[in-house]
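K.L.:
Coordinates in structure14.csv, CSV, C-alpha atoms, are listed below.
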chain,number,residue,atom,x,y,z
A,16,LEU,CA,81.2,187.8,86.1
A,17,ARG,CA,82.7,186.2,83.0
A,18,ALA,CA,85.9,188.3,83.5
A,19,LEU,CA,86.0,187.4,87.2
A,20,CYS,CA,85.6,183.7,86.5
A,21,ASN,CA,88.4,183.9,83.9
A,22,ARG,CA,90.7,185.7,86.4
A,23,TYR,CA,90.2,183.0,89.1
A,24,ALA,CA,90.0,180.0,86.7
A,25,ALA,CA,86.4,179.3,87.7
A,26,ARG,CA,83.5,178.1,85.5
A,27,LEU,CA,80.5,180.4,84.9
A,28,ILE,CA,77.2,178.6,84.8
A,29,ILE,CA,74.1,180.6,84.1
A,30,THR,CA,70.8,179.6,85.7
A,31,ASP,CA,67.6,179.2,83.6
A,32,ASP,CA,68.6,181.4,80.7
A,33,VAL,CA,70.2,179.8,77.6
A,34,PRO,CA,70.3,183.0,75.4
A,35,LEU,CA,72.2,184.8,78.2
A,36,ALA,CA,74.6,181.9,78.6
A,37,GLU,CA,75.2,182.0,74.9
A,38,ASN,CA,75.7,185.7,74.7
A,39,CYS,CA,78.1,186.0,77.6
A,40,GLY,CA,80.2,183.0,76.7
A,41,ALA,CA,79.3,181.1,79.8
A,42,ASP,CA,80.7,177.6,80.4
A,43,GLY,CA,77.2,176.2,80.7
A,44,VAL,CA,73.6,176.5,81.9
A,45,HIS,CA,71.4,175.0,84.5
A,46,LEU,CA,67.8,174.4,83.5
A,47,GLY,CA,64.6,174.1,85.5
A,48,ARG,CA,61.6,172.2,84.3
A,49,ALA,CA,60.2,175.2,82.4
A,50,ASP,CA,63.5,176.5,81.0
A,51,GLY,CA,63.6,174.7,77.7
A,52,SER,CA,65.0,171.4,76.5
A,53,ILE,CA,68.4,169.9,77.0
A,54,ALA,CA,68.7,169.4,73.3
A,55,GLU,CA,68.0,173.0,72.5
A,56,ALA,CA,70.6,174.2,75.1
A,57,ARG,CA,73.1,171.8,73.6
A,58,ALA,CA,72.5,173.0,70.1
A,59,ARG,CA,73.0,176.6,71.1
A,60,LEU,CA,75.9,176.2,73.5
A,61,GLY,CA,77.9,173.4,71.9
A,62,ARG,CA,79.1,170.0,72.9
A,63,ASP,CA,81.6,171.2,75.5
A,64,ALA,CA,79.0,173.2,77.5
A,65,LEU,CA,78.1,172.0,80.9
A,66,ILE,CA,74.3,171.5,81.1
A,67,GLY,CA,72.6,170.7,84.3
A,68,ALA,CA,68.9,170.1,85.1
A,69,SER,CA,66.9,170.6,88.3
A,70,CYS,CA,65.0,167.4,89.3
A,71,GLY,CA,63.5,168.4,92.7
A,72,PRO,CA,62.7,165.2,94.5
A,73,ASP,CA,62.1,163.3,91.2
A,74,LEU,CA,64.6,160.5,90.4
A,75,ALA,CA,62.7,159.6,87.2
A,76,ARG,CA,63.3,163.1,85.8
A,77,ALA,CA,67.0,162.7,86.5
A,78,HIS,CA,67.1,159.6,84.4
A,79,THR,CA,65.1,161.4,81.6
A,80,VAL,CA,67.3,164.5,81.4
A,81,LEU,CA,70.5,162.5,81.5
A,82,ALA,CA,69.3,160.4,78.6
A,83,GLU,CA,68.6,163.7,76.8
A,84,GLY,CA,72.2,164.7,77.3
A,85,ALA,CA,72.4,166.6,80.6
A,86,ASP,CA,75.9,166.5,82.2
A,87,HIS,CA,74.7,166.7,85.8
A,88,VAL,CA,71.5,166.7,87.8
A,89,ALA,CA,70.3,168.6,90.9
A,90,PHE,CA,68.0,167.4,93.7
A,91,GLY,CA,66.4,169.4,96.5
A,92,ARG,CA,65.4,171.2,98.5
A,93,PHE,CA,66.8,169.0,101.3
A,94,TYR,CA,66.3,171.4,104.2
A,95,PRO,CA,64.1,174.5,104.9
A,96,SER,CA,65.2,177.3,102.6
A,97,ARG,CA,64.6,181.0,102.6
A,98,THR,CA,65.5,181.4,99.0
A,99,LYS,CA,63.3,178.4,97.8
A,100,PRO,CA,60.7,178.1,100.6
A,101,ASP,CA,58.0,176.5,98.4
A,102,ALA,CA,60.2,174.0,96.6
A,103,PRO,CA,59.2,170.3,97.3
A,104,GLN,CA,61.0,168.4,99.9
A,105,ALA,CA,63.7,165.9,98.9
A,106,ASP,CA,64.8,163.3,101.4
A,107,ILE,CA,68.1,161.8,102.2
A,108,GLU,CA,67.1,158.4,100.9
A,109,LEU,CA,66.6,159.9,97.5
A,110,LEU,CA,70.2,161.1,97.4
A,111,ALA,CA,71.5,157.6,98.4
A,112,THR,CA,69.4,156.0,95.7
A,113,ALA,CA,70.4,158.5,93.1
A,114,ARG,CA,74.1,157.9,93.9
A,115,ARG,CA,73.6,154.2,93.5
A,116,ASP,CA,71.7,154.5,90.2
A,117,LEU,CA,73.3,157.4,88.4
A,118,ARG,CA,76.8,157.8,87.0
A,119,ALA,CA,76.5,161.6,86.5
A,120,PRO,CA,77.6,164.3,89.0
A,121,ILE,CA,74.9,165.1,91.5
A,122,CYS,CA,74.2,168.6,92.9
A,123,VAL,CA,72.2,169.2,96.1
A,124,ILE,CA,70.3,172.4,97.0
A,125,GLY,CA,68.1,173.9,99.6
A,126,GLY,CA,69.0,175.2,103.1
A,127,ILE,CA,72.5,173.7,103.0
A,128,THR,CA,75.0,175.0,105.5
A,129,PRO,CA,78.7,174.0,105.6
A,130,MET,CA,77.9,171.5,108.4
A,131,LEU,CA,74.9,170.0,106.6
A,132,ALA,CA,76.9,169.7,103.4
A,133,ARG,CA,79.2,167.2,105.1
A,134,GLU,CA,76.3,164.7,105.4
A,135,LEU,CA,75.2,165.2,101.9
A,136,VAL,CA,78.7,164.8,100.5
A,137,ALA,CA,79.1,161.6,102.5
A,138,LEU,CA,76.0,160.2,100.9
A,139,GLY,CA,77.3,161.0,97.4
A,140,ALA,CA,76.7,164.6,96.5
A,141,ASP,CA,79.3,165.9,94.1
A,142,LEU,CA,78.2,169.6,94.1
A,143,ILE,CA,76.7,171.9,96.7
A,144,ALA,CA,74.4,174.8,95.7
A,145,ALA,CA,74.1,177.4,98.6
A,146,VAL,CA,73.2,181.0,99.0
A,147,GLU,CA,71.9,181.5,102.6
A,148,GLY,CA,74.3,178.9,103.9
A,149,VAL,CA,77.2,181.0,102.7
A,150,PHE,CA,76.1,184.6,102.7
A,151,GLY,CA,73.3,184.5,105.3
A,152,ALA,CA,73.7,186.5,108.5
A,153,GLU,CA,73.6,183.3,110.6
A,154,SER,CA,76.2,181.4,108.5
A,155,GLU,CA,79.6,180.6,110.0
A,156,THR,CA,81.5,181.4,106.8
A,157,PRO,CA,83.8,184.5,106.4
A,158,VAL,CA,81.3,186.3,104.2
A,159,ALA,CA,78.3,185.8,106.5
A,160,GLY,CA,76.0,188.8,106.8
A,161,MET,CA,78.3,190.7,104.4
A,162,TYR,CA,75.4,192.6,102.7
A,163,ARG,CA,72.1,194.1,103.6
A,164,PHE,CA,69.8,195.6,101.0
A,165,MET,CA,67.1,197.9,102.3
A,166,PRO,CA,64.5,199.5,100.0
A,167,LEU,CA,63.9,203.2,100.8
A,168,THR,CA,60.3,203.2,99.4
A,169,GLY,CA,59.8,206.9,100.2
A,170,VAL,CA,62.5,208.0,97.7
A,171,ASN,CA,62.5,204.8,95.5
A,172,ALA,CA,66.1,204.0,96.4
A,173,VAL,CA,68.0,201.0,97.7
A,174,MET,CA,70.5,201.3,100.7
A,175,VAL,CA,73.3,198.9,100.9
A,176,ILE,CA,75.0,198.2,104.3
A,177,THR,CA,78.2,196.2,104.5
A,178,PRO,CA,81.2,195.8,106.8
A,179,GLN,CA,83.2,195.3,103.6
A,180,PRO,CA,83.3,198.7,101.8
A,181,LYS,CA,85.7,197.4,99.3
A,182,TYR,CA,82.8,195.5,97.7
A,183,LEU,CA,80.6,198.5,97.2
A,184,ARG,CA,81.9,199.2,93.7
A,185,ASP,CA,81.0,195.7,92.6
A,186,ILE,CA,77.5,196.0,94.2
A,187,GLU,CA,77.1,199.4,92.5
A,188,GLN,CA,77.8,197.8,89.1
A,189,TRP,CA,75.3,195.0,89.9
A,190,ILE,CA,72.6,197.5,90.7
A,191,GLN,CA,73.3,199.6,87.7
A,192,ARG,CA,73.2,196.5,85.4
A,193,ILE,CA,69.9,195.3,86.9
A,194,ASP,CA,68.2,198.8,86.9
A,195,THR,CA,70.3,200.5,84.2
A,196,GLY,CA,73.4,204.8,87.0
A,197,GLY,CA,75.9,206.3,91.9
A,198,GLN,CA,78.1,206.7,95.4
A,199,ALA,CA,80.3,204.9,98.0
A,200,ALA,CA,81.6,203.5,101.4
A,201,GLY,CA,79.9,201.5,104.2
A,202,ILE,CA,76.4,202.7,103.4
A,203,TYR,CA,75.5,203.2,99.8
A,204,VAL,CA,72.2,204.6,98.6
A,205,TYR,CA,71.2,204.2,95.0
A,206,GLU,CA,68.3,206.1,93.5
A,207,VAL,CA,66.3,203.5,91.4
A,208,LYS,CA,65.4,204.9,88.0
A,209,HIS,CA,63.6,202.2,86.1
A,210,SER,CA,62.0,199.7,88.5
A,211,LYS,CA,60.6,199.5,92.1
A,212,ALA,CA,63.1,199.7,95.0
A,213,VAL,CA,61.3,196.9,96.9
A,214,GLU,CA,61.6,194.5,93.9
A,215,LEU,CA,65.2,195.5,93.2
A,216,ALA,CA,66.2,194.9,96.9
A,217,GLU,CA,64.5,191.5,96.8
A,218,GLN,CA,66.5,190.6,93.7
A,219,LEU,CA,69.8,191.7,95.2
A,220,SER,CA,69.0,189.9,98.5
A,221,ALA,CA,68.4,186.7,96.6
A,222,ALA,CA,71.6,187.1,94.6
A,223,PHE,CA,73.8,187.8,97.6
A,224,GLY,CA,71.9,185.8,100.3
A,225,ALA,CA,71.2,189.0,102.3
A,226,THR,CA,68.3,190.2,104.4
A,227,ASN,CA,66.2,193.2,103.5
A,228,ARG,CA,63.8,195.4,105.4
A,229,SER,CA,61.8,198.4,104.3
A,230,VAL,CA,62.6,201.8,105.7
Now, as a test, write the supplied structure out as structure tokens.

P.N.:
Amino acid sequence: LRALCNRYAARLIITDDVPLAENCGADGVHLGRADGSIAEARARLGRDALIGASCGPDLARAHTVLAEGADHVAFGRFYPSRTKPDAPQADIELLATARRDLRAPICVIGGITPMLARELVALGADLIAAVEGVFGAESETPVAGMYRFMPLTGVNAVMVITPQPKYLRDIEQWIQRIDTGGQAAGIYVYEVKHSKAVELAEQLSAAFGATNRSV
């Protein structure tokens, strides 16, 4: 990911994991409530790192983390979300108030599609965080439904189905790095060696915004 971001002049922000961000040379980290302090992240990553913090529907937390040195804050979920179904609801009024009160960039998250993003941007959102809205099968983006990860529980393997075979090599590398060893083209079956196929398929589905179903 670091190499890809360098190639396309994109910034790499790691979620929740300060040591990983430090070790891979990421441009920053985004922290949840239980992921450590802003001060600790700043000390490890340096003054130029981009450090964000999740605030849910809590405007007071946004003020607190910004005072501690965060560069941006995230609110949400704003809409029903399959990736974060249990996250507390944030309302549109919160975004409007946050835009009025805060001078830092605001990220919004939770069930956001390209169409819904327009409303949030109009209300002051600077950044959009989306998985299902981009990669989900019902999305209207060019990459919608690009991947399906199906755990083959009988043989402890994960089958990947995609209309874009050219991405299978990247997916294989992701699987190997998550599980720590191969094949190719259209349908790809990977024999899981160090974890459970169901859990690995769930992790991949969350990462790529895909659907999964046991076989």

K.L.:
Could you check the closest approach to Gly67 (chain A) for each of A:Pro100, A:Pro120, A:Pro34, A:Pro95 and tell me which residue wins, using all atoms listed in the file?

P.N.:
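Among A:Pro100, A:Pro120, A:Pro34, A:Pro95, it is A:Pro120 that comes nearest to Gly67 (chain A).
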
K.L.:
With all atoms listed in the file as the basis for distance, which of A:Glu206, A:Trp189, A:Leu65, A:Gly47 is at the shortest distance from Pro166 (chain A)?

P.N.:
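Going through A:Glu206, A:Trp189, A:Leu65, A:Gly47 one by one, the smallest distance to Pro166 (chain A) is for A:Glu206.
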
K.L.:
For each of A:Ile124, A:Ala212, A:Ala221, A:Ala18, take the minimum atom-to-atom distance to Thr98 (chain A), counting all atoms listed in the file, then give the residue where this is smallest.

P.N.:
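Checking each candidate against Thr98 (chain A), we get A:Ala221 as the closest.
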
K.L.:
So how far away is CA of Val207 (chain A) from CA of Phe164 (chain A), in Å?

P.N.:
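Pair CA of Phe164 (chain A) / CA of Val207 (chain A) returns 12.9 Å.
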
K.L.:
Ranking A:Arg184, A:Ala144, A:Thr177, A:Leu74 by minimum distance to Ile28 (chain A) and counting only C-alpha atoms, which one comes first?

P.N.:
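Smallest separation from Ile28 (chain A) among the options: A:Ala144.
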
K.L.:
So what do you get for CA of Asp86 (chain A) versus CA of Arg17 (chain A), distance-wise?

P.N.:
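CA of Arg17 (chain A) lies 20.9 Å from CA of Asp86 (chain A).
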
K.L.:
Any idea what the distance is between CA of Leu142 (chain A) and CA of Gly40 (chain A)?

P.N.:
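About the pair CA of Leu142 (chain A) and CA of Gly40 (chain A): they are 22.1 Å apart.
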
K.L.:
Out of A:Val88, A:Ile53, A:Ala41, A:Ala216, which residue has the shortest atom-to-atom distance to Ile143 (chain A) when counting all atoms listed in the file?

P.N.:
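Looking only at the distances to Ile143 (chain A), the closest residue turns out to be A:Val88.
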
K.L.:
Which polymer residues, protein or nucleic acid, are no farther than 8 Å from (65.3, 162.0, 97.4), counting only C-alpha atoms, as a VMD selection string?

P.N.:
chain A and resid 72 to 74 90 to 91 105 to 113

K.L.:
Name all residues at most 12 Å from Arg118 (chain A) (count only C-alpha atoms; drop same-chain ones fewer than 6 positions away) and give them as a list in words.

P.N.:
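Once the nearby chain positions are removed, what remains is Ala77, His78, Leu81, Ala82, Ala85, Asp86, His87, Val88, Thr112, Gly139, Ala140 and Asp141 of chain A.
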
K.L.:
Can you spit out the residues from that selection as a PDB file, in the coordinates of the input, using C-alpha atoms?

P.N.:
ATOM      1  CA  ALA A  77      67.000 162.700  86.500  1.00  0.00           C
ATOM      2  CA  HIS A  78      67.100 159.600  84.400  1.00  0.00           C
ATOM      3  CA  LEU A  81      70.500 162.500  81.500  1.00  0.00           C
ATOM      4  CA  ALA A  82      69.300 160.400  78.600  1.00  0.00           C
ATOM      5  CA  ALA A  85      72.400 166.600  80.600  1.00  0.00           C
ATOM      6  CA  ASP A  86      75.900 166.500  82.200  1.00  0.00           C
ATOM      7  CA  HIS A  87      74.700 166.700  85.800  1.00  0.00           C
ATOM      8  CA  VAL A  88      71.500 166.700  87.800  1.00  0.00           C
ATOM      9  CA  THR A 112      69.400 156.000  95.700  1.00  0.00           C
ATOM     10  CA  GLY A 139      77.300 161.000  97.400  1.00  0.00           C
ATOM     11  CA  ALA A 140      76.700 164.600  96.500  1.00  0.00           C
ATOM     12  CA  ASP A 141      79.300 165.900  94.100  1.00  0.00           C
TER      13      ASP A 141
END

K.L.:
Point out the residue among A:Thr168, A:Ala75, A:Asp101, A:Leu131 with the least atom-to-atom distance to Asp116 (chain A), counting only C-alpha atoms.

P.N.:
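Of all the options, A:Ala75 lies closest to Asp116 (chain A).
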
K.L.:
Using only C-alpha atoms, determine which residues lie at most 7 Å from Asp31 (chain A), disregarding the query and same-chain residues fewer than 5 positions distant; provide the list as a PDB file with C-alpha atoms, in the coordinates of the input.

P.N.:
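Wrote around.pdb, looks like this:
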ATOM      1  CA  VAL A  44      73.600 176.500  81.900  1.00  0.00           C
ATOM      2  CA  HIS A  45      71.400 175.000  84.500  1.00  0.00           C
ATOM      3  CA  LEU A  46      67.800 174.400  83.500  1.00  0.00           C
ATOM      4  CA  GLY A  47      64.600 174.100  85.500  1.00  0.00           C
ATOM      5  CA  ASP A  50      63.500 176.500  81.000  1.00  0.00           C
TER       6      ASP A  50
END
